[in-house]
Amino acid sequence: MQIGNVTIPNNLFMAPMAGITDCTFRTLVAQHGAGLTFSEMVSAKSLVYGNKNTYRLLENENIHPWAVQLFGHEPEIMAQAIEKLADTPFEIVNINMGCPMPKIVNNGDGAALMKDPKLVGRLVEASIKATTRPVTVKIRLGWTPTTKNCVEVARAAQESGAALVIVHGRTRDQYYSGEANWDDIAAVKAALHVPVIGNGDIFAPEDALNRLQNSTCDGIMIARGAMGNPWLFSRTVRALETGALPPPPARGEIIATAVAHLHAVAKRKGARIEEMRKHLSWYTKGMPGSAQLRHKINQAKTVVEMEDLLHQIPQ
């Protein structure tokens with residue numbers, strides 16, 4: 001798959017997710033076949049003002065290609081932020097126009113941009129002038145069900161030079177509830193000539209295959225479905241290649257991967273492993289005694305304690 005001047009190995013993308021798609025997680029899903037991964041959402045303004053914590057979100061373990069997702073609503077600030085990243089080794093710029101969280105939209109960022117297609121165009125134009133990398137956008141269906149304007153916003157981005165549009169099939173007021181509307185995603189695909197990627201409710205390889213076929217999108221973006229389940233990528237890649245659905249991973253493979261993930265985070269972040277509690281809970285969901293196990297994981301404070309709990313799960 002081609003995005004501007006960048007070749008992507010396949011059309012399965014890992015969605016940017018705050019607090020989840022850090023360097024270690026991106027590496028893991030890339031190893032399982034994700035064609036393109038995205039950083040956690042990065043504040044353009046924080047980059048411009050040199051916030052050191054912001055730059056930690058841009059760590060990478062030589063996994064390519066990958067994209068940096070930026071949020072902001074001021075074209076000149078967005079351009080300056082992209083220029084600040086000139087020497088950072090990533091391939092694609094992505095502008096967040098879909099985050100629904102109040103702390104983001106109340107500042108005019110994220111999904112608030114859906115209210116102003118002209119501003120969307122100016123943001124894209126300013127970004128393109130600041131880099132030779134492809135500039136892409138991620139949008140929602142609109143602000144509310146009665147004000148859906150995803151086709152208008154997508155066209156504004158395309159006309160301003162965006163190389164690709166990703167559409168999350170919910171409105172801002174839905175947050176992450178209800179079902180994603182893939183008919184609206186398909187409408188965006190039909191209206192554009194640049195590639196369109198659909199996002200929403202992909203929890204199994206069958207979901208990805210059906211959505212690709214029915215929406216005619218150029219690719220699929222997977223989000224919550226990959227939490228504790230990087231095999232969603234490898235199984236979907238295999239299904240696309242062979243037409244046959246591979247079996248899910250055995251429990252032993254899941255536990256081994258969870259342990260490896262735990263050690264990779266510990267190596268990178270030292271004692272700051274609290275974030276692994278949620279990942280281990282996702283890996284072990286549905287296993288024998290998983291509710292009690294989650295409670296114990298949330299009490300564990302060291303790598304050894306967490307690993308011992310994982311090895312206690314019956315094989």
# chains A, B, ... in the order shown; residues from 1 in each chain; ligands from 1
>>> residues_around(residues="Thr257 (chain A)", least_positions_apart="5", cutoff="10 Å", atoms="only C-alpha atoms", output="compact mmCIF listing (two decimals) with N, CA, C and O atoms, in the first residue's frame")
# COMPACT_ATOMS: atom_id res chain seq x y z
N LEU A 28 5.56 -4.60 19.43
CA LEU A 28 4.89 -5.89 19.53
C LEU A 28 3.90 -6.10 18.39
O LEU A 28 3.92 -7.14 17.72
N GLY A 228 -4.14 -6.70 24.41
CA GLY A 228 -3.96 -8.06 24.88
C GLY A 228 -4.11 -9.09 23.79
O GLY A 228 -4.13 -10.30 24.07
N ASN A 229 -4.18 -8.65 22.55
CA ASN A 229 -4.45 -9.56 21.43
C ASN A 229 -3.73 -9.12 20.16
O ASN A 229 -4.35 -8.83 19.14
N PRO A 230 -2.39 -9.08 20.18
CA PRO A 230 -1.66 -8.71 18.95
C PRO A 230 -1.86 -9.72 17.84
O PRO A 230 -1.62 -9.41 16.66
N ARG A 251 -3.06 -20.94 25.04
CA ARG A 251 -2.89 -20.20 26.29
C ARG A 251 -1.42 -20.01 26.64
O ARG A 251 -1.00 -18.94 27.11
N GLY A 252 -0.60 -21.03 26.38
CA GLY A 252 0.82 -20.92 26.68
C GLY A 252 1.48 -19.82 25.88
O GLY A 252 2.35 -19.10 26.39
N LEU A 262 5.97 -7.74 29.46
CA LEU A 262 6.29 -7.23 30.79
C LEU A 262 7.77 -6.92 30.92
O LEU A 262 8.16 -5.84 31.39
N HIS A 263 8.63 -7.83 30.48
CA HIS A 263 10.08 -7.61 30.60
C HIS A 263 10.55 -6.49 29.67
O HIS A 263 11.48 -5.74 30.03
N TYR A 283 -4.51 -9.51 28.49
CA TYR A 283 -3.98 -10.79 28.01
C TYR A 283 -4.73 -11.97 28.64
O TYR A 283 -4.96 -12.99 27.98
>>> residues_around(residues="Asp183 (chain A)", least_positions_apart="4", cutoff="10 Å", atoms="only C-alpha atoms", output="MDAnalysis selection string")
chainID A and resid 169 187:189 211 214:215
>>> residues_around(residues="Asn210 (chain A)", least_positions_apart="6", cutoff="12 Å", atoms="only C-alpha atoms", output="count of residues only")
13
>>> atom_distance(atom1="CA of Asn96 (chain A)", atom2="CA of Asn10 (chain A)")
22.0 Å
>>> closest_residue(among="A:Asn51, A:Ile254, A:Ile20, A:Val167", to="Arg277 (chain A)", atoms="only C-alpha atoms")
A:Ile20
